[in-house]
Amino acid sequence: MSLIITIGRQNGSGGREIGKRLAKDLSIAFYDNNLLALTAQRTNFDLQYMEKREERAPGLWASFALGVPMGGISAPTVLPDNLFQEQAETIKSVARQGGCVIVGRASNYVLRDIPTVDVFVYAPLKDRVERKLALLPPEEKCSFAEMEKKLTAADKARAKFYSYYTGMNWGPGPDFDLNVNTGKIGVEGAVEVIETYVKNLKENAFAF
Amino acid sequence: MSLVITIGRQNGSGGHQVAEKLCEKLGFALYDNNLLEMVAQEGDDNPSEVERHDEKAPGGFWSRLAQAKNYDQIDPPLTPDTVFAAQTRLILKAAETGKCVIVGRAANYILAKRRETVKVFLTAPLEARARRKMAMLPEGSGVTPEDMRKLLVKMDEARAKFYRHYTGSLWGAAEGYDLVINTGKVGVEGAVELILAFIEKAKAGSDLADGVTRGK
């Protein structure tokens with residue numbers, strides 16, 4: 001059976017980087033933002049609009065506008081709900097193609113009917129802010145407090161998205177197979193720990 | 001200062017065994033139910049009486065009222081409060097020397113500010129936990145899997161209440177831990193390997209390196 005790893009992540013905890021390295025080490029495919037392009041290809045959705053709306057719960061106005069074409073967006077109209085459903089289809093289809101690492105997009109929930117290893121990475125806010133600041137290009141420099149605000153808001157939006165579509169609470173916890181705090185061990189350490197987990201998967205691990 | 005590992009656990013997820021194996025591999029001291037004997041010895045109390053109040057939240061209004069009459073006694077009877085306080089003292093003392101694994105007793109919270117502490121929480125699906133517990137029962141015990149599942153849920157509830165009461169945070173909420181492992185898919189051995197890998201990496205990052213402590 002092919003190995004499918006889903007990675008949920010708090011903003012700034014290094015989930016994307018961890019996913020990339022895992023995929024490389026394990027020689028399996030890597031899906032993150034590229035899922036959007038795949039979905040756009042399949043559905044003719046407007047890519048720019050999708051980028052703005054994905055991993056978000058529909059806002060109040062969008063739910064009113066259901067079924068009403070929105071100005072300025074190329075047809076067919078993309079509403080967050082359709083976007084989520086189509087993105088879910090894309091995730092299912094890439095999972096059918098073989099082993100892969102999928103970051104975010106509630107993929108642990110989307111793929112709940114097939115055996116996957118669900119990982120969540122998180123870290124104390126302070127560590128995440130520091131990490132993000134270090135990664136910023138010089139022209140986008142901002143203060144610690146600004147970044148803290150940004151991350152908190154981004155987490156909030158993600159939590160809303162997750163609970164809207166899955167009915168579960170977003171965040172680390174027993175719904176995942178493994179939750180790793182990257183604060184103490186960093187990206188590399190987390191990769192190592194997750195690989196140790198994969199190596200130790202029991203023969204009948206997916207019997208549950 | 002040296003390393004302390006704390007292990008929180010859902011009932012039946014293998015916390016005690018994981019701790020035992022870690023101690024074997026690292027040559028650490030284990031603190032689990034032996035804390036009860038230590039508490040009993042310290043206060044010259046009955047061990048079974050200590051156990052009755054172990055990892056429990058105090059009762060509601062009426063039981064507190066009933067206890068109120070004991071407050072001016074020189075040697076008041078045990079309550080969840082006194083047992084938790086005694087355990088907290090013992091855990092803090094054990095952490096002074098380090099090189100130990102502490103199971104449960106909200107040790108992750110008690111040692112929240114301590115550096116060189118790796119905090120682990122173990123979970124597993126209810127089904128797997130019930131199966132594990134059933135296998136440990138003596139034959140002919142007459143306990144059905146259904147009974148076991150119900151019992152586990154009840155025990156988890158009591159533990160969550162205990163944790164909530166003394167720490168003010170949610171039991172098992174991963175923010176309070178470094179590593180939360182579902183032992184269902186990797187078993188006790190796998191969990192031990194994982195924790196060792198985590199410690200190794202944390203050491204490399206110098207956060208846990210002996211003598212070299214860096215604030216986080």
# chains A, B, ... in the order shown; residues from 1 in each chain; ligands from 1
call {"tool": "closest_atom_pairs", "arguments": {"of": "chain B", "to": "chain A", "cutoff": "7 Å", "atoms": "only C-alpha atoms", "output": "JSON lines"}}
result
{"residue": "B:Thr123", "atom": "CA", "partner": "A:Pro174", "partner_atom": "CA", "distance": 6.1}
{"residue": "B:Gly172", "atom": "CA", "partner": "A:Gly173", "partner_atom": "CA", "distance": 7.0}
{"residue": "B:Ala173", "atom": "CA", "partner": "A:Gly173", "partner_atom": "CA", "distance": 5.9}
{"residue": "B:Ala174", "atom": "CA", "partner": "A:Pro172", "partner_atom": "CA", "distance": 5.4}
{"residue": "B:Asp178", "atom": "CA", "partner": "A:Asn181", "partner_atom": "CA", "distance": 4.8}
{"residue": "B:Leu179", "atom": "CA", "partner": "A:Val180", "partner_atom": "CA", "distance": 4.9}
{"residue": "B:Val180", "atom": "CA", "partner": "A:Asn179", "partner_atom": "CA", "distance": 4.8}
{"residue": "B:Ile181", "atom": "CA", "partner": "A:Leu178", "partner_atom": "CA", "distance": 4.7}
{"residue": "B:Asn182", "atom": "CA", "partner": "A:Asp177", "partner_atom": "CA", "distance": 4.8}
{"residue": "B:Lys185", "atom": "CA", "partner": "A:Ala205", "partner_atom": "CA", "distance": 4.5}
{"residue": "B:Val186", "atom": "CA", "partner": "A:Leu201", "partner_atom": "CA", "distance": 4.8}
{"residue": "B:Gly190", "atom": "CA", "partner": "A:Asn200", "partner_atom": "CA", "distance": 5.1}
{"residue": "B:Leu194", "atom": "CA", "partner": "A:Thr196", "partner_atom": "CA", "distance": 5.9}
{"residue": "B:Ala197", "atom": "CA", "partner": "A:Val193", "partner_atom": "CA", "distance": 5.9}
{"residue": "B:Phe198", "atom": "CA", "partner": "A:Val193", "partner_atom": "CA", "distance": 6.0}
{"residue": "B:Lys201", "atom": "CA", "partner": "A:Gly189", "partner_atom": "CA", "distance": 5.2}
{"residue": "B:Ala202", "atom": "CA", "partner": "A:Ile185", "partner_atom": "CA", "distance": 4.9}
{"residue": "B:Gly205", "atom": "CA", "partner": "A:Ile185", "partner_atom": "CA", "distance": 6.3}
{"residue": "B:Asp207", "atom": "CA", "partner": "A:Lys184", "partner_atom": "CA", "distance": 6.7}
call {"tool": "residues_around", "arguments": {"residues": "region 51-59 of chain A", "least_positions_apart": "6", "cutoff": "9 Å", "atoms": "only C-alpha atoms", "output": "JSON list (two decimals) with N, CA and C atoms, in the first residue's frame"}}
result
[["chain", "number", "residue", "atom", "x", "y", "z"],
["A", 33, "ASN", "N", 0.60, 24.19, -2.47],
["A", 33, "ASN", "CA", -0.11, 25.17, -3.28],
["A", 33, "ASN", "C", -0.36, 24.67, -4.71],
["A", 36, "LEU", "N", -3.78, 23.86, -6.10],
["A", 36, "LEU", "CA", -4.64, 24.89, -6.68],
["A", 36, "LEU", "C", -4.57, 24.87, -8.20],
["A", 79, "LEU", "N", -17.40, 29.64, -5.90],
["A", 79, "LEU", "CA", -17.79, 29.95, -4.54],
["A", 79, "LEU", "C", -16.97, 29.06, -3.63],
["A", 80, "PRO", "N", -16.72, 29.54, -2.40],
["A", 80, "PRO", "CA", -15.84, 28.78, -1.52],
["A", 80, "PRO", "C", -16.25, 27.32, -1.38],
["A", 81, "ASP", "N", -17.56, 27.09, -1.32],
["A", 81, "ASP", "CA", -18.03, 25.72, -1.15],
["A", 81, "ASP", "C", -17.63, 24.84, -2.33],
["A", 83, "LEU", "N", -15.30, 25.47, -4.36],
["A", 83, "LEU", "CA", -13.84, 25.43, -4.35],
["A", 83, "LEU", "C", -13.36, 24.31, -3.45],
["A", 84, "PHE", "N", -13.96, 24.21, -2.25],
["A", 84, "PHE", "CA", -13.53, 23.16, -1.33],
["A", 84, "PHE", "C", -13.83, 21.78, -1.90],
["A", 87, "GLN", "N", -11.45, 21.06, -4.75],
["A", 87, "GLN", "CA", -10.11, 20.82, -4.20],
["A", 87, "GLN", "C", -10.05, 19.43, -3.57],
["A", 104, "GLY", "N", -1.88, 20.66, 4.41],
["A", 104, "GLY", "CA", -3.07, 21.49, 4.65],
["A", 104, "GLY", "C", -4.31, 21.05, 3.90],
["A", 105, "ARG", "N", -5.19, 22.00, 3.66],
["A", 105, "ARG", "CA", -6.44, 21.78, 2.92],
["A", 105, "ARG", "C", -7.33, 20.73, 3.56],
["A", 106, "ALA", "N", -7.26, 20.59, 4.88],
["A", 106, "ALA", "CA", -8.06, 19.60, 5.60],
["A", 106, "ALA", "C", -7.92, 18.22, 4.97],
["A", 157, "ALA", "N", -8.21, 32.32, 10.75],
["A", 157, "ALA", "CA", -8.90, 32.05, 9.48],
["A", 157, "ALA", "C", -8.84, 30.56, 9.16],
["A", 158, "ARG", "N", -7.69, 29.97, 9.42],
["A", 158, "ARG", "CA", -7.52, 28.56, 9.10],
["A", 158, "ARG", "C", -8.41, 27.69, 10.00],
["A", 159, "ALA", "N", -8.48, 28.07, 11.26],
["A", 159, "ALA", "CA", -9.32, 27.32, 12.20],
["A", 159, "ALA", "C", -10.78, 27.37, 11.77],
["A", 160, "LYS", "N", -11.19, 28.54, 11.28],
["A", 160, "LYS", "CA", -12.57, 28.73, 10.85],
["A", 160, "LYS", "C", -12.85, 27.85, 9.62],
["A", 161, "PHE", "N", -11.91, 27.89, 8.70],
["A", 161, "PHE", "CA", -12.02, 27.06, 7.50],
["A", 161, "PHE", "C", -12.16, 25.59, 7.88],
["A", 162, "TYR", "N", -11.28, 25.14, 8.75],
["A", 162, "TYR", "CA", -11.24, 23.73, 9.10],
["A", 162, "TYR", "C", -12.54, 23.29, 9.79],
["A", 163, "SER", "N", -12.99, 24.08, 10.73],
["A", 163, "SER", "CA", -14.18, 23.64, 11.46],
["A", 163, "SER", "C", -15.43, 23.79, 10.60],
["A", 164, "TYR", "N", -15.42, 24.76, 9.67],
["A", 164, "TYR", "CA", -16.57, 24.92, 8.78],
["A", 164, "TYR", "C", -16.78, 23.69, 7.91],
["A", 165, "TYR", "N", -15.69, 23.18, 7.36],
["A", 165, "TYR", "CA", -15.83, 22.07, 6.42],
["A", 165, "TYR", "C", -15.76, 20.68, 7.06]]
call {"tool": "atom_distance", "arguments": {"atom1": "CA of Phe121 (chain B)", "atom2": "CA of Asn11 (chain B)"}}
result
11.3 Å
call {"tool": "atom_distance", "arguments": {"atom1": "CA of Glu148 (chain A)", "atom2": "CA of Gly12 (chain A)"}}
result
10.2 Å
call {"tool": "residues_around", "arguments": {"residues": "region 167-170 of chain B", "least_positions_apart": "4", "cutoff": "12 Å", "atoms": "only C-alpha atoms", "output": "mmCIF file with C-alpha atoms, in the first residue's frame"}}
result
data_model
loop_
_atom_site.group_PDB
_atom_site.id
_atom_site.type_symbol
_atom_site.label_atom_id
_atom_site.label_comp_id
_atom_site.auth_asym_id
_atom_site.auth_seq_id
_atom_site.Cartn_x
_atom_site.Cartn_y
_atom_site.Cartn_z
ATOM 1 C CA GLY A 173 -4.700 16.721 19.250
ATOM 2 C CA ALA B 57 -10.482 16.397 41.079
ATOM 3 C CA PHE B 84 -1.827 16.397 44.564
ATOM 4 C CA ARG B 105 0.028 13.594 37.644
ATOM 5 C CA ALA B 106 -0.013 16.728 35.440
ATOM 6 C CA ALA B 107 3.795 16.638 35.580
ATOM 7 C CA ASN B 108 3.992 18.523 32.275
ATOM 8 C CA TYR B 109 2.190 21.388 33.981
ATOM 9 C CA ILE B 110 4.165 21.187 37.209
ATOM 10 C CA LEU B 111 7.392 21.322 35.202
ATOM 11 C CA ALA B 112 6.108 23.719 32.519
ATOM 12 C CA GLU B 157 -13.344 11.739 32.042
ATOM 13 C CA ARG B 159 -8.547 12.221 34.505
ATOM 14 C CA ALA B 160 -9.576 15.144 32.295
ATOM 15 C CA LYS B 161 -11.439 16.632 35.234
ATOM 16 C CA PHE B 162 -8.434 16.223 37.480
ATOM 17 C CA TYR B 163 -6.159 17.888 34.934
ATOM 18 C CA ALA B 174 -1.202 19.455 22.473
ATOM 19 C CA GLU B 175 -0.039 23.006 23.175
ATOM 20 C CA GLY B 176 1.179 21.796 26.532
ATOM 21 C CA TYR B 177 3.294 19.027 25.006
#
call {"tool": "atom_distance", "arguments": {"atom1": "CA of Val50 (chain B)", "atom2": "CA of Asn34 (chain B)"}}
result
11.2 Å
call {"tool": "closest_residue", "arguments": {"among": "A:Thr166, A:Ser13, A:Lys24, A:Arg128", "to": "Asn108 (chain A)", "atoms": "only C-alpha atoms"}}
result
A:Thr166
call {"tool": "residues_around", "arguments": {"residues": "Leu151 (chain B)", "least_positions_apart": "5", "cutoff": "12 Å", "atoms": "only C-alpha atoms", "output": "compact mmCIF listing (two decimals) with C-alpha atoms, in the first residue's frame"}}
result
# COMPACT_ATOMS: atom_id res chain seq x y z
CA ASN B 11 -6.05 5.21 29.77
CA GLY B 12 -4.88 2.11 27.94
CA LEU B 126 -10.73 3.77 22.06
CA ARG B 129 -7.10 0.86 24.02
CA ALA B 130 -9.95 -1.41 25.03
CA LYS B 133 -6.65 -3.53 28.36
CA MET B 134 -8.70 -6.67 27.69
CA VAL B 143 -15.51 -8.23 31.51
CA THR B 144 -16.93 -7.65 28.03
CA PRO B 145 -15.26 -5.33 25.49
CA GLU B 146 -18.28 -3.08 25.84
CA ASP B 156 -10.62 9.39 30.91
CA GLU B 157 -13.34 11.74 32.04
CA ALA B 158 -12.11 11.60 35.63
call {"tool": "closest_residue", "arguments": {"among": "A:Ser143, A:Asn11, A:Thr152, A:Ser107", "to": "Val94 (chain A)", "atoms": "only C-alpha atoms"}}
result
A:Ser107
call {"tool": "residues_around", "arguments": {"residues": "Ala29 (chain B)", "least_positions_apart": "6", "cutoff": "7 Å", "atoms": "only C-alpha atoms", "output": "list of chain:residue names"}}
result
B:Cys23, B:Lys99, B:Cys100, B:Val101
call {"tool": "write_last_selection", "arguments": {"atoms": "N, CA and C atoms", "output": "compact mmCIF listing (two decimals), in the first residue's frame"}}
result
# COMPACT_ATOMS: atom_id res chain seq x y z
N CYS B 23 13.00 4.19 30.53
CA CYS B 23 13.88 4.15 31.70
C CYS B 23 14.97 3.10 31.52
N LYS B 99 17.03 13.14 35.12
CA LYS B 99 17.22 11.76 34.71
C LYS B 99 16.07 10.86 35.19
N CYS B 100 14.87 11.29 34.89
CA CYS B 100 13.74 10.47 35.29
C CYS B 100 12.58 10.64 34.29
N VAL B 101 11.68 9.66 34.33
CA VAL B 101 10.45 9.70 33.54
C VAL B 101 9.29 9.75 34.52
call {"tool": "select_by_dssp", "arguments": {"residues": "region 42-154 of chain B", "states": "strand (DSSP E or B)", "output": "count of residues only"}}
result
11
